[in-house]
>>> print(open('protein.cif').read())   # mmCIF, C-alpha atoms
data_coords
#
loop_
_atom_site.label_atom_id
_atom_site.label_comp_id
_atom_site.auth_asym_id
_atom_site.auth_seq_id
_atom_site.Cartn_x
_atom_site.Cartn_y
_atom_site.Cartn_z
CA MET A 59 30.11 -5.55 -9.49
CA LEU A 60 32.84 -3.45 -7.89
CA PRO A 61 31.76 -1.27 -4.94
CA THR A 62 32.21 1.81 -7.11
CA ALA A 63 30.03 0.31 -9.84
CA ARG A 64 27.32 -0.38 -7.27
CA ILE A 65 27.30 3.31 -6.32
CA GLU A 66 27.05 4.30 -9.99
CA ALA A 67 23.99 2.03 -10.19
CA VAL A 68 22.48 3.73 -7.14
CA ILE A 69 22.98 7.12 -8.80
CA ASP A 70 21.27 5.87 -11.98
CA LEU A 71 18.29 4.54 -10.03
CA THR A 72 18.04 7.64 -7.84
CA ALA A 73 17.78 9.71 -11.02
CA GLN A 74 15.02 7.43 -12.29
CA VAL A 75 13.10 7.69 -9.02
CA ALA A 76 13.41 11.49 -9.09
CA ILE A 77 11.89 11.62 -12.58
CA SER A 78 9.19 9.12 -11.66
CA VAL A 79 8.18 11.06 -8.53
CA ASN A 80 8.00 14.30 -10.50
CA GLU A 81 6.01 12.78 -13.36
CA ASN A 82 3.96 10.28 -11.30
CA GLY A 83 5.62 7.38 -13.08
CA PRO A 84 6.37 3.79 -11.99
CA ALA A 85 7.00 2.88 -8.35
CA ALA A 86 10.57 2.44 -7.16
CA ASP A 87 10.29 -1.36 -6.93
CA VAL A 88 9.20 -1.49 -10.58
CA LEU A 89 12.18 0.65 -11.60
CA VAL A 90 14.55 -1.61 -9.66
CA ARG A 91 13.16 -4.77 -11.28
CA LYS A 92 13.51 -3.30 -14.78
CA TYR A 93 17.00 -2.03 -14.04
CA PHE A 94 18.36 -5.42 -13.03
CA ALA A 95 16.39 -7.31 -15.67
CA ALA A 96 18.59 -5.49 -18.17
CA ARG A 97 21.75 -6.23 -16.15
CA ARG A 98 21.84 -9.96 -15.63
CA TYR A 99 25.53 -9.79 -14.69
CA ALA A 100 24.63 -8.24 -11.33
CA GLY A 101 24.74 -10.84 -8.57
CA SER A 102 22.32 -11.21 -5.69
CA LYS A 103 24.63 -9.34 -3.31
CA ASP A 104 24.95 -6.51 -5.82
CA ARG A 105 21.19 -6.25 -6.22
CA ARG A 106 20.66 -6.34 -2.47
CA TYR A 107 23.23 -3.62 -1.77
CA VAL A 108 21.98 -1.31 -4.53
CA THR A 109 18.33 -1.79 -3.57
CA GLU A 110 18.92 -1.24 0.15
CA THR A 111 21.01 1.87 -0.49
CA LEU A 112 18.40 3.28 -2.85
CA TYR A 113 15.61 2.72 -0.31
CA ASN A 114 17.70 4.31 2.43
CA ILE A 115 17.90 7.37 0.20
CA ILE A 116 14.15 7.29 -0.38
CA ARG A 117 13.56 7.06 3.39
CA ARG A 118 15.26 10.44 3.81
CA TRP A 119 14.22 11.77 0.40
CA GLY A 120 12.74 15.04 1.67
CA PHE A 121 15.96 16.09 3.38
CA LEU A 122 18.33 14.93 0.64
CA SER A 123 16.18 16.49 -2.03
CA ASP A 124 16.05 19.83 -0.22
CA ILE A 125 19.80 20.11 0.41
CA THR A 126 20.78 19.02 -3.13
CA ASN A 127 17.91 20.42 -5.20
CA THR A 128 17.16 16.76 -6.07
CA GLU A 129 20.50 16.25 -7.81
CA PRO A 130 20.94 12.44 -7.77
CA ARG A 131 24.72 12.38 -7.58
CA ARG A 132 24.80 14.66 -4.54
CA MET A 133 21.89 12.83 -2.93
CA VAL A 134 23.87 9.58 -3.09
CA MET A 135 27.13 11.06 -1.81
CA ALA A 136 25.25 12.74 1.06
CA GLN A 137 23.58 9.46 2.01
CA LEU A 138 26.93 7.67 2.04
CA GLN A 139 28.53 10.36 4.16
CA LEU A 140 25.62 10.49 6.62
CA SER A 141 25.80 6.70 6.94
CA GLY A 142 29.37 6.92 8.18
CA GLU A 143 31.12 6.06 4.93
CA ASP A 144 33.77 8.03 3.09
CA ALA A 145 31.83 9.09 0.02
CA SER A 146 34.96 10.23 -1.82
CA SER A 147 36.29 6.67 -1.88
CA TYR A 148 33.55 5.67 -4.32
CA PHE A 149 33.84 8.68 -6.64
CA THR A 150 37.12 7.66 -8.32
CA GLY A 151 36.49 8.36 -11.98
CA GLU A 152 37.58 4.85 -12.91
CA ILE A 153 35.66 2.70 -15.37
CA HIS A 154 32.08 1.97 -14.19
CA ALA A 155 32.66 4.32 -11.22
CA PRO A 156 31.19 7.79 -10.58
CA ASP A 157 33.28 10.74 -11.72
CA ILE A 158 35.77 12.08 -9.21
CA LEU A 159 34.52 14.76 -6.82
CA ILE A 160 34.98 18.36 -7.83
CA ASP A 161 35.93 21.07 -5.30
CA ASP A 162 32.35 22.25 -4.86
CA GLU A 163 31.21 18.71 -4.04
CA LYS A 164 34.04 18.29 -1.56
CA SER A 165 32.94 21.51 0.18
CA PHE A 166 29.37 20.22 0.20
CA LEU A 167 30.42 17.05 2.03
CA GLU A 168 32.65 18.93 4.47
CA THR A 169 29.75 21.15 5.61
CA LEU A 170 27.12 18.39 5.54
CA LYS A 171 25.09 18.03 8.74
CA PRO A 172 22.34 15.54 9.68
CA GLU A 173 18.66 16.45 9.55
CA GLN A 174 17.69 19.23 11.95
CA GLU A 175 14.06 19.95 11.00
CA GLU A 176 11.32 17.62 12.24
CA HIS A 177 9.81 17.05 8.78
CA HIS A 178 13.26 16.09 7.51
CA ARG A 179 13.98 13.68 10.37
CA LEU A 180 10.59 12.00 9.98
CA ASN A 181 10.55 12.23 6.17
CA TYR A 182 7.15 13.72 5.40
CA PRO A 183 6.00 16.62 3.18
CA LEU A 184 5.85 19.78 5.26
CA TRP A 185 2.48 20.81 3.77
CA MET A 186 0.91 17.66 5.27
CA GLN A 187 2.13 18.36 8.79
CA ALA A 188 -1.12 19.79 10.20
CA GLU A 189 -3.24 16.83 9.05
CA LEU A 190 -0.68 14.27 10.17
CA LYS A 191 -0.40 15.84 13.63
CA ASP A 192 -4.18 16.05 13.84
CA ARG A 193 -4.34 12.31 13.19
CA PHE A 194 -1.57 11.13 15.48
CA GLY A 195 -1.54 13.65 18.33
CA ASP A 196 1.02 12.87 21.03
CA LYS A 197 2.10 9.69 19.17
CA PHE A 198 3.13 11.73 16.12
CA ILE A 199 6.86 10.95 16.30
CA GLN A 200 6.34 7.23 16.94
CA GLU A 201 3.76 6.89 14.17
CA LEU A 202 5.83 8.74 11.54
CA THR A 203 8.91 6.76 12.55
CA ALA A 204 6.97 3.52 12.06
CA LEU A 205 5.70 4.72 8.66
CA ASN A 206 9.32 5.18 7.60
CA GLU A 207 10.37 1.63 8.50
CA ARG A 208 10.31 -1.41 6.25
CA ALA A 209 7.10 -3.42 6.19
CA PRO A 210 7.14 -7.20 6.66
CA LEU A 211 5.83 -9.58 4.02
CA THR A 212 2.34 -10.69 5.05
CA LEU A 213 0.43 -13.61 3.58
CA ARG A 214 -3.22 -14.59 3.78
CA ILE A 215 -3.99 -18.27 4.20
CA ALA A 216 -6.72 -18.93 1.65
CA ARG A 217 -7.25 -22.59 2.58
CA ASN A 218 -5.56 -25.68 4.03
CA SER A 219 -3.68 -23.91 6.81
CA GLU A 220 -2.11 -27.19 7.96
CA LYS A 221 -0.38 -27.65 4.62
CA VAL A 222 0.73 -24.00 4.55
CA LEU A 223 2.28 -24.13 8.02
CA ALA A 224 3.89 -27.50 7.34
CA PHE A 225 5.54 -26.05 4.23
CA LEU A 226 6.96 -23.10 6.17
CA VAL A 227 8.31 -25.39 8.89
CA ASP A 228 9.82 -27.78 6.34
CA LYS A 229 11.58 -24.91 4.54
CA GLU A 230 12.73 -23.44 7.89
CA ILE A 231 11.05 -20.13 7.07
CA VAL A 232 10.68 -17.97 10.16
CA TYR A 233 7.14 -16.66 10.56
CA ARG A 234 4.64 -15.48 13.12
CA ARG A 235 0.87 -15.58 13.13
CA GLY A 236 -1.12 -12.38 12.73
CA VAL A 237 -2.36 -10.58 15.83
CA HIS A 238 -5.63 -9.30 14.36
CA ALA A 239 -6.56 -11.75 11.58
CA ASN A 240 -6.36 -15.52 12.02
CA SER A 241 -5.59 -15.91 8.33
CA ALA A 242 -2.43 -13.76 8.48
CA ILE A 243 1.12 -15.12 8.34
CA ILE A 244 3.91 -12.56 8.79
CA LEU A 245 7.40 -13.11 7.38
CA GLU A 246 10.06 -10.66 8.51
CA GLU A 247 12.30 -11.54 5.57
CA GLN A 248 11.35 -10.32 2.10
CA ILE A 249 11.11 -13.60 0.18
CA GLN A 250 10.08 -14.26 -3.40
CA ILE A 251 7.13 -16.65 -3.04
CA ARG A 252 5.89 -16.89 -6.65
CA ASP A 253 7.49 -20.31 -7.12
CA TRP A 254 6.30 -21.77 -3.83
CA PRO A 255 3.90 -24.70 -4.39
CA ILE A 256 1.56 -23.31 -1.73
CA TYR A 257 1.35 -20.07 -3.76
CA ARG A 258 0.98 -21.76 -7.16
CA GLN A 259 -1.80 -23.91 -5.69
CA GLY A 260 -3.63 -20.87 -4.37
CA LEU A 261 -3.22 -21.73 -0.70
CA VAL A 262 -1.74 -18.30 0.13
CA GLU A 263 -1.98 -14.77 -1.22
CA ILE A 264 0.07 -11.67 -0.43
CA GLN A 265 -2.10 -9.30 1.62
CA ASP A 266 -1.45 -7.07 4.63
CA GLU A 267 -3.15 -8.08 7.87
CA ALA A 268 -5.13 -4.82 7.99
CA ALA A 269 -6.81 -5.59 4.67
CA GLN A 270 -7.61 -9.12 5.80
CA LEU A 271 -9.18 -7.76 8.96
CA ALA A 272 -11.24 -5.22 7.01
CA VAL A 273 -12.82 -7.94 4.87
CA LYS A 274 -13.62 -9.94 8.00
CA PHE A 275 -15.63 -7.02 9.39
CA VAL A 276 -17.86 -7.00 6.30
CA GLU A 277 -19.38 -10.22 7.75
CA LEU A 278 -19.82 -12.13 4.52
CA LYS A 279 -21.84 -15.34 4.41
CA PRO A 280 -22.19 -18.21 1.95
CA GLY A 281 -24.82 -17.37 -0.65
CA HIS A 282 -24.39 -13.59 -0.40
CA GLN A 283 -24.63 -11.38 -3.46
CA VAL A 284 -21.54 -9.16 -3.23
CA MET A 285 -20.26 -6.27 -5.30
CA ASP A 286 -16.60 -5.24 -5.20
CA LEU A 287 -16.88 -1.84 -6.83
CA CYS A 288 -13.15 -1.02 -7.01
CA ALA A 289 -11.83 -4.56 -7.30
CA GLY A 290 -8.40 -3.94 -8.80
CA ALA A 291 -6.55 -7.25 -9.00
CA GLY A 292 -9.01 -8.77 -6.55
CA GLY A 293 -7.25 -9.04 -3.20
CA LYS A 294 -10.36 -8.16 -1.17
CA ALA A 295 -12.64 -10.16 -3.48
CA LEU A 296 -10.52 -13.30 -3.06
CA ALA A 297 -10.58 -12.89 0.71
CA ALA A 298 -14.37 -12.42 0.50
CA ALA A 299 -14.73 -15.68 -1.43
CA SER A 300 -13.02 -17.54 1.40
CA TYR A 301 -15.57 -16.24 3.91
CA MET A 302 -18.38 -17.14 1.50
CA LYS A 303 -17.02 -20.69 1.15
CA ASN A 304 -17.20 -20.29 -2.63
CA LYS A 305 -21.00 -19.98 -2.53
CA GLY A 306 -22.96 -17.00 -3.84
CA GLN A 307 -21.75 -14.39 -6.32
CA ILE A 308 -19.06 -11.71 -6.29
CA TYR A 309 -19.38 -9.08 -8.98
CA ALA A 310 -15.98 -7.48 -9.49
CA PHE A 311 -15.85 -4.04 -11.12
CA ASP A 312 -12.92 -1.92 -12.20
CA ILE A 313 -12.09 0.68 -14.83
CA VAL A 314 -8.85 -1.10 -15.83
CA GLU A 315 -9.32 -4.37 -17.72
CA SER A 316 -5.81 -5.71 -17.00
CA ARG A 317 -6.50 -5.66 -13.26
CA LEU A 318 -9.59 -7.82 -13.68
CA LYS A 319 -7.63 -10.22 -15.89
CA GLU A 320 -5.21 -10.65 -12.98
CA LEU A 321 -8.18 -11.42 -10.71
CA LYS A 322 -9.26 -14.13 -13.15
CA VAL A 323 -5.81 -15.74 -12.97
CA ARG A 324 -5.74 -15.56 -9.18
CA ALA A 325 -9.28 -16.93 -8.86
CA LYS A 326 -8.39 -19.92 -11.03
CA ARG A 327 -5.28 -20.57 -8.96
CA SER A 328 -7.28 -20.47 -5.71
CA LYS A 329 -10.13 -22.56 -7.21
CA ASN A 330 -12.74 -19.84 -6.66
CA HIS A 331 -15.53 -19.84 -9.23
CA ILE A 332 -18.03 -17.28 -7.93
CA PHE A 333 -16.65 -14.22 -9.72
CA GLN A 334 -18.18 -12.18 -12.50
CA SER A 335 -16.04 -9.32 -13.80
CA HIS A 336 -17.21 -6.07 -15.37
CA VAL A 337 -15.01 -3.39 -16.91
CA LEU A 338 -16.63 -0.01 -16.32
CA THR A 339 -16.30 2.80 -18.84
CA ALA A 340 -17.82 6.26 -19.08
CA LYS A 341 -20.29 4.90 -21.66
CA ASN A 342 -21.43 1.69 -19.96
CA ARG A 343 -21.14 2.52 -16.27
CA SER A 344 -24.65 3.84 -15.67
CA ARG A 345 -26.32 1.06 -17.65
CA ILE A 346 -24.40 -1.74 -15.93
CA MET A 347 -24.85 -0.33 -12.44
CA ASP A 348 -28.63 0.00 -12.94
CA GLU A 349 -28.82 -3.80 -13.27
CA PHE A 350 -27.64 -4.27 -9.68
CA LYS A 351 -29.69 -1.68 -7.80
CA GLY A 352 -31.26 -3.03 -4.63
CA LYS A 353 -29.87 -6.55 -5.15
CA MET A 354 -26.62 -6.63 -3.18
CA ASP A 355 -26.18 -8.01 0.34
CA ARG A 356 -22.76 -6.42 0.58
CA VAL A 357 -20.68 -3.87 -1.31
CA ILE A 358 -16.93 -3.85 -0.73
CA LEU A 359 -15.83 -0.30 -1.38
CA ASP A 360 -12.04 -0.09 -1.25
CA VAL A 361 -11.90 3.40 -2.73
CA PRO A 362 -8.99 5.06 -4.54
CA CYS A 363 -6.97 7.07 -2.01
CA THR A 364 -3.62 8.69 -1.31
CA GLY A 365 -2.15 5.43 0.02
CA THR A 366 -0.62 7.25 2.99
CA GLY A 367 -1.05 4.10 5.06
CA THR A 368 1.30 2.17 2.76
CA TRP A 369 4.30 4.48 3.03
CA ARG A 370 6.31 1.62 4.56
CA ARG A 371 5.91 -0.34 1.32
CA ASN A 372 6.07 2.59 -1.09
CA PRO A 373 8.24 5.19 0.67
CA GLU A 374 8.52 7.44 -2.37
CA ALA A 375 4.72 7.70 -2.62
CA ARG A 376 4.61 10.46 0.02
CA TRP A 377 6.35 12.76 -2.45
CA ARG A 378 3.77 12.14 -5.17
CA ILE A 379 0.86 13.52 -3.14
CA THR A 380 -0.31 17.11 -3.56
CA SER A 381 -3.09 19.08 -1.90
CA GLU A 382 -4.92 18.97 -5.23
CA SER A 383 -4.63 15.18 -5.49
CA VAL A 384 -6.08 14.83 -1.97
CA LYS A 385 -9.07 16.99 -3.00
CA ASN A 386 -9.52 14.90 -6.14
CA TYR A 387 -9.50 11.66 -4.14
CA ASN A 388 -12.04 13.15 -1.70
CA LYS A 389 -14.36 13.94 -4.61
CA ILE A 390 -14.05 10.43 -6.06
CA GLN A 391 -14.65 8.86 -2.64
CA LYS A 392 -17.89 10.79 -2.14
CA GLU A 393 -19.07 9.87 -5.63
CA LEU A 394 -18.36 6.17 -5.09
CA LEU A 395 -20.20 6.10 -1.75
CA ASP A 396 -23.20 7.71 -3.41
CA GLU A 397 -23.01 5.26 -6.30
CA ALA A 398 -22.72 2.19 -4.04
CA TRP A 399 -25.60 3.08 -1.71
CA PRO A 400 -28.49 2.26 -4.13
CA MET A 401 -26.90 -1.12 -4.90
CA ILE A 402 -27.56 -2.66 -1.50
CA LYS A 403 -30.91 -4.00 -0.35
CA ILE A 404 -32.51 -3.09 2.98
CA GLY A 405 -30.33 -4.70 5.66
CA GLY A 406 -27.38 -4.79 3.29
CA ARG A 407 -24.03 -3.24 4.12
CA ILE A 408 -21.21 -1.26 2.56
CA GLY A 409 -17.67 -1.91 3.76
CA TYR A 410 -15.93 1.42 3.15
CA MET A 411 -12.13 1.03 3.17
CA THR A 412 -8.99 3.02 2.44
CA CYS A 413 -5.27 2.40 2.86
CA SER A 414 -5.01 5.97 4.13
CA ILE A 415 -4.35 7.63 7.47
CA LEU A 416 -5.92 10.97 6.53
CA LYS A 417 -9.15 11.96 8.26
CA SER A 418 -10.30 13.75 5.13
CA GLU A 419 -10.42 10.38 3.35
CA ASN A 420 -11.77 8.42 6.29
CA GLU A 421 -13.84 9.76 9.20
CA ASP A 422 -14.75 12.95 7.35
CA GLN A 423 -16.19 10.97 4.45
CA ILE A 424 -18.26 8.75 6.73
CA GLU A 425 -19.55 11.65 8.82
CA HIS A 426 -20.66 13.46 5.66
CA PHE A 427 -22.35 10.36 4.26
CA ILE A 428 -24.21 9.50 7.46
CA ALA A 429 -25.38 13.12 7.81
CA HIS A 430 -26.87 13.07 4.31
CA ASN A 431 -28.51 9.61 4.38
CA ALA A 432 -31.15 9.17 7.07
CA ASN A 433 -31.35 5.39 6.57
CA ALA A 434 -27.58 4.85 6.96
CA LYS A 435 -26.41 3.30 10.22
CA LEU A 436 -22.85 2.64 11.32
CA ILE A 437 -22.32 -0.94 12.52
CA PRO A 438 -19.85 -0.93 15.43
CA ILE A 439 -16.44 -2.45 14.83
CA ARG A 440 -15.39 -4.06 18.09
CA LYS A 441 -11.72 -3.29 17.85
CA GLN A 442 -9.96 -0.06 18.68
CA GLY A 443 -7.28 1.78 16.75
CA ILE A 444 -6.59 5.51 16.50
CA GLU A 445 -9.89 6.52 14.90
CA THR A 446 -11.66 9.70 15.98
CA MET A 447 -15.14 8.53 14.98
CA GLU A 448 -16.85 5.98 17.18
CA ARG A 449 -17.68 2.63 15.56
CA THR A 450 -15.06 2.99 12.81
CA LEU A 451 -11.51 1.62 12.81
CA GLN A 452 -8.21 3.28 11.91
CA LEU A 453 -5.11 1.11 12.03
CA SER A 454 -1.50 2.22 11.71
CA PRO A 455 1.99 0.65 11.83
CA PHE A 456 2.77 1.94 15.33
CA SER A 457 -0.65 1.38 16.90
CA ARG A 458 -1.36 -2.08 15.44
CA GLN A 459 1.77 -3.14 13.50
CA THR A 460 -0.17 -3.17 10.22
CA ASP A 461 -0.38 -0.87 7.24
CA GLY A 462 -2.35 2.30 7.81
CA PHE A 463 -5.92 1.25 7.02
CA PHE A 464 -9.44 2.54 7.67
CA VAL A 465 -12.73 0.67 7.63
CA ALA A 466 -16.33 1.61 8.34
CA ILE A 467 -19.38 -0.65 7.96
CA ILE A 468 -22.60 1.11 6.94
CA GLU A 469 -25.95 -0.70 6.98
CA LYS A 470 -29.06 0.36 5.05
CA GLN A 471 -32.05 0.63 7.34
CA GLY A 472 -35.70 0.54 6.37
CA ILE A 473 -37.48 3.90 6.61
#
>>> encode(input="protein.cif", output="structure tokens")
Amino acid sequence: MLPTARIEAVIDLTAQVAISVNENGPAADVLVRKYFAARRYAGSKDRRYVTETLYNIIRRWGFLSDITNTEPRRMVMAQLQLSGEDASSYFTGEIHAPDILIDDEKSFLETLKPEQEEHHRLNYPLWMQAELKDRFGDKFIQELTALNERAPLTLRIARNSEKVLAFLVDKEIVYRRGVHANSAIILEEQIQIRDWPIYRQGLVEIQDEAAQLAVKFVELKPGHQVMDLCAGAGGKALAAASYMKNKGQIYAFDIVESRLKELKVRAKRSKNHIFQSHVLTAKNRSRIMDEFKGKMDRVILDVPCTGTGTWRRNPEARWRITSESVKNYNKIQKELLDEAWPMIKIGGRIGYMTCSILKSENEDQIEHFIAHNANAKLIPIRKQGIETMERTLQLSPFSRQTDGFFVAIIEKQGI
């Protein structure tokens, strides 16, 4: 692709992201994959340039959107100009190139200035400022800066660590071990691992170190009866199976059947055979859940949330959140905690988790639950993050170099 054609591609994708953000559609990485799947002629350097430029736009989306009224063409030319390039050199009007600049666009570029406002420089929705500052305090700038950077690729060693490490050394893949979870391997380069033999054989899974650590704190043992109430594609459940040494039972629940089918594929690949999957619907939910009351040693409760802790991986996600969506998540989180509590036996535990940095989804939920359940006891997590509630844990990219992640362990006491 010619440089001008690359910029035309960036404009096309920026327009798609703008629509997707407004309509809560597919994530940017999904849009990029589909775009290039239909354009096989684009080489690896073309794809890399277009993708990196698009994500640079997304990482200053709030500012560019505000100064252009989310007009994709102007967003792209502004990003080029602010990056030290001559934007006009790409807008030539030639075949496969963006149309030539009109006078109004030239004036726009001539008067363009870098971000002045704090919420523009740090790329966050202004309406979230109070809650973000409440969370981060005097580390606000560092934390928001870290949330705007690119996340590394993190793997979880499922088994046979010697073979995994030998493979990485043999392929000269630069890695470092996790700081918080022994099972974590961190790759700074974004590499496609789906064809790696160690992935096909189920020796590694893609999972951030914070999530690996959260499962560790659940303190699972071989023979446990475990419920994963919001299992999704099974990342936490697969990590749980490793701690259980493939002994016991893990009951995986979700409202989306395709997610559980993915768990089945992953479980087969990793040679785990202790899963039972259940698709929950409005009609069957109450009946199915009644069968498990008082029988579980552990419930993994990775609740639906805003995903504010994953902004490094999904930078456009911050523009999908609204105050109403936060309230809706809070309601669902309370309901799921109340639903999970009767499932565990006396002495059993719930591992409450979110990939959020918002107190309203984390400490506030736990404080409310503990206050309304006399037999609920918080089990101390012996690791410190930036949490405001003793015995819980809040991780963040700046404080612990992981995704933003919260975990609290609640034990059911006898009365």
>>> resolve_selection(input="protein.cif", expression="the PyMOL selection byres ((chain A and resi 120) around 7)", output="PDB file with C-alpha atoms, keeping the file's coordinate frame")
ATOM      1  CA  ARG A 118      15.260  10.440   3.810  1.00  0.00           C
ATOM      2  CA  TRP A 119      14.220  11.770   0.400  1.00  0.00           C
ATOM      3  CA  PHE A 121      15.960  16.090   3.380  1.00  0.00           C
ATOM      4  CA  LEU A 122      18.330  14.930   0.640  1.00  0.00           C
ATOM      5  CA  SER A 123      16.180  16.490  -2.030  1.00  0.00           C
ATOM      6  CA  ASP A 124      16.050  19.830  -0.220  1.00  0.00           C
ATOM      7  CA  HIS A 178      13.260  16.090   7.510  1.00  0.00           C
ATOM      8  CA  ASN A 181      10.550  12.230   6.170  1.00  0.00           C
ATOM      9  CA  TYR A 182       7.150  13.720   5.400  1.00  0.00           C
TER      10      TYR A 182
END
>>> atom_distance(input="protein.cif", atom1="atom CA of Ser383 of chain A", atom2="atom CA of Val273 of chain A")
26.6 Å
>>> closest_residue(input="protein.cif", among="A:Arg327, A:His238, A:His282, A:Lys470", to="Glu263 of chain A", atoms="only C-alpha atoms")
A:Arg327
>>> closest_residue(input="protein.cif", among="A:Leu321, A:Leu184, A:Ala432, A:Leu71", to="Gly293 of chain A", atoms="all atoms listed in the file")
A:Leu321
>>> closest_residue(input="protein.cif", among="A:Ala272, A:Phe194, A:Lys319, A:Gln259", to="Ile215 of chain A", atoms="all atoms listed in the file")
A:Gln259
>>> closest_residue(input="protein.cif", among="A:Arg64, A:Arg98, A:Lys303, A:Lys322", to="Leu112 of chain A", atoms="all atoms listed in the file")
A:Arg64
>>> residues_around(input="protein.cif", residues="segment 346-348 of chain A", least_positions_apart="2", cutoff="9 Å", atoms="all atoms listed in the file", output="count of residues only")
9
>>> atom_distance(input="protein.cif", atom1="atom CA of Gln471 of chain A", atom2="atom CA of Asn433 of chain A")
4.9 Å
>>> residues_around(input="protein.cif", residues="Ser316 of chain A", least_positions_apart="3", cutoff="12 Å", atoms="all atoms listed in the file", output="compact mmCIF listing (two decimals) with C-alpha atoms, in the frame of the given file")
# COMPACT_ATOMS: atom_id res chain seq x y z
CA ALA A 289 -11.83 -4.56 -7.30
CA GLY A 290 -8.40 -3.94 -8.80
CA ALA A 291 -6.55 -7.25 -9.00
CA GLY A 292 -9.01 -8.77 -6.55
CA PHE A 311 -15.85 -4.04 -11.12
CA ASP A 312 -12.92 -1.92 -12.20
CA ILE A 313 -12.09 0.68 -14.83
CA LYS A 319 -7.63 -10.22 -15.89
CA GLU A 320 -5.21 -10.65 -12.98
CA LEU A 321 -8.18 -11.42 -10.71
CA LYS A 322 -9.26 -14.13 -13.15
CA VAL A 323 -5.81 -15.74 -12.97
CA SER A 335 -16.04 -9.32 -13.80
CA HIS A 336 -17.21 -6.07 -15.37
CA VAL A 337 -15.01 -3.39 -16.91
>>> closest_residue(input="protein.cif", among="A:Arg91, A:Arg356, A:Arg258, A:Lys294", to="Gly409 of chain A", atoms="only C-alpha atoms")
A:Arg356
>>> residues_around(input="protein.cif", residues="Ala204 of chain A", least_positions_apart="3", cutoff="6 Å", atoms="only C-alpha atoms", output="PyMOL selection string")
chain A and resi 201+207+455-456
>>> residues_near_point(input="protein.cif", point="(6.1, -12.5, 4.3)", cutoff="12 Å", atoms="all atoms listed in the file", output="count of residues only")
31
>>> closest_residue(input="protein.cif", among="A:Arg106, A:Lys164, A:Arg376, A:Lys305", to="Leu180 of chain A", atoms="only C-alpha atoms")
A:Arg376
>>> atom_distance(input="protein.cif", atom1="atom CA of Arg105 of chain A", atom2="atom CA of Gly142 of chain A")
21.2 Å
>>> resolve_selection(input="protein.cif", expression="the PyMOL selection byres ((chain A and resi 420) around 12)", output="ChimeraX atom specification")
/A:193,360-367,384,387-388,391-392,395,410-419,421-427,444-447,450-453,462-467
>>> residues_around(input="protein.cif", residues="Ile115 of chain A", least_positions_apart="2", cutoff="12 Å", atoms="all atoms listed in the file", output="VMD selection string")
chain A and resid 68 to 69 71 to 73 75 to 76 86 108 to 113 117 to 123 128 130 to 141 181 206 373 to 374
>>> write_last_selection(input="protein.cif", atoms="C-alpha atoms", output="compact mmCIF listing (two decimals), in the frame of the given file")
# COMPACT_ATOMS: atom_id res chain seq x y z
CA VAL A 68 22.48 3.73 -7.14
CA ILE A 69 22.98 7.12 -8.80
CA LEU A 71 18.29 4.54 -10.03
CA THR A 72 18.04 7.64 -7.84
CA ALA A 73 17.78 9.71 -11.02
CA VAL A 75 13.10 7.69 -9.02
CA ALA A 76 13.41 11.49 -9.09
CA ALA A 86 10.57 2.44 -7.16
CA VAL A 108 21.98 -1.31 -4.53
CA THR A 109 18.33 -1.79 -3.57
CA GLU A 110 18.92 -1.24 0.15
CA THR A 111 21.01 1.87 -0.49
CA LEU A 112 18.40 3.28 -2.85
CA TYR A 113 15.61 2.72 -0.31
CA ARG A 117 13.56 7.06 3.39
CA ARG A 118 15.26 10.44 3.81
CA TRP A 119 14.22 11.77 0.40
CA GLY A 120 12.74 15.04 1.67
CA PHE A 121 15.96 16.09 3.38
CA LEU A 122 18.33 14.93 0.64
CA SER A 123 16.18 16.49 -2.03
CA THR A 128 17.16 16.76 -6.07
CA PRO A 130 20.94 12.44 -7.77
CA ARG A 131 24.72 12.38 -7.58
CA ARG A 132 24.80 14.66 -4.54
CA MET A 133 21.89 12.83 -2.93
CA VAL A 134 23.87 9.58 -3.09
CA MET A 135 27.13 11.06 -1.81
CA ALA A 136 25.25 12.74 1.06
CA GLN A 137 23.58 9.46 2.01
CA LEU A 138 26.93 7.67 2.04
CA GLN A 139 28.53 10.36 4.16
CA LEU A 140 25.62 10.49 6.62
CA SER A 141 25.80 6.70 6.94
CA ASN A 181 10.55 12.23 6.17
CA ASN A 206 9.32 5.18 7.60
CA PRO A 373 8.24 5.19 0.67
CA GLU A 374 8.52 7.44 -2.37
>>> residues_around(input="protein.cif", residues="Gly472 of chain A", least_positions_apart="2", cutoff="12 Å", atoms="all atoms listed in the file", output="compact mmCIF listing (two decimals) with C-alpha atoms, in the coordinates of the input")
# COMPACT_ATOMS: atom_id res chain seq x y z
CA ILE A 402 -27.56 -2.66 -1.50
CA LYS A 403 -30.91 -4.00 -0.35
CA ILE A 404 -32.51 -3.09 2.98
CA GLY A 405 -30.33 -4.70 5.66
CA GLY A 406 -27.38 -4.79 3.29
CA ASN A 431 -28.51 9.61 4.38
CA ALA A 432 -31.15 9.17 7.07
CA ASN A 433 -31.35 5.39 6.57
CA ALA A 434 -27.58 4.85 6.96
CA LYS A 435 -26.41 3.30 10.22
CA GLU A 469 -25.95 -0.70 6.98
CA LYS A 470 -29.06 0.36 5.05
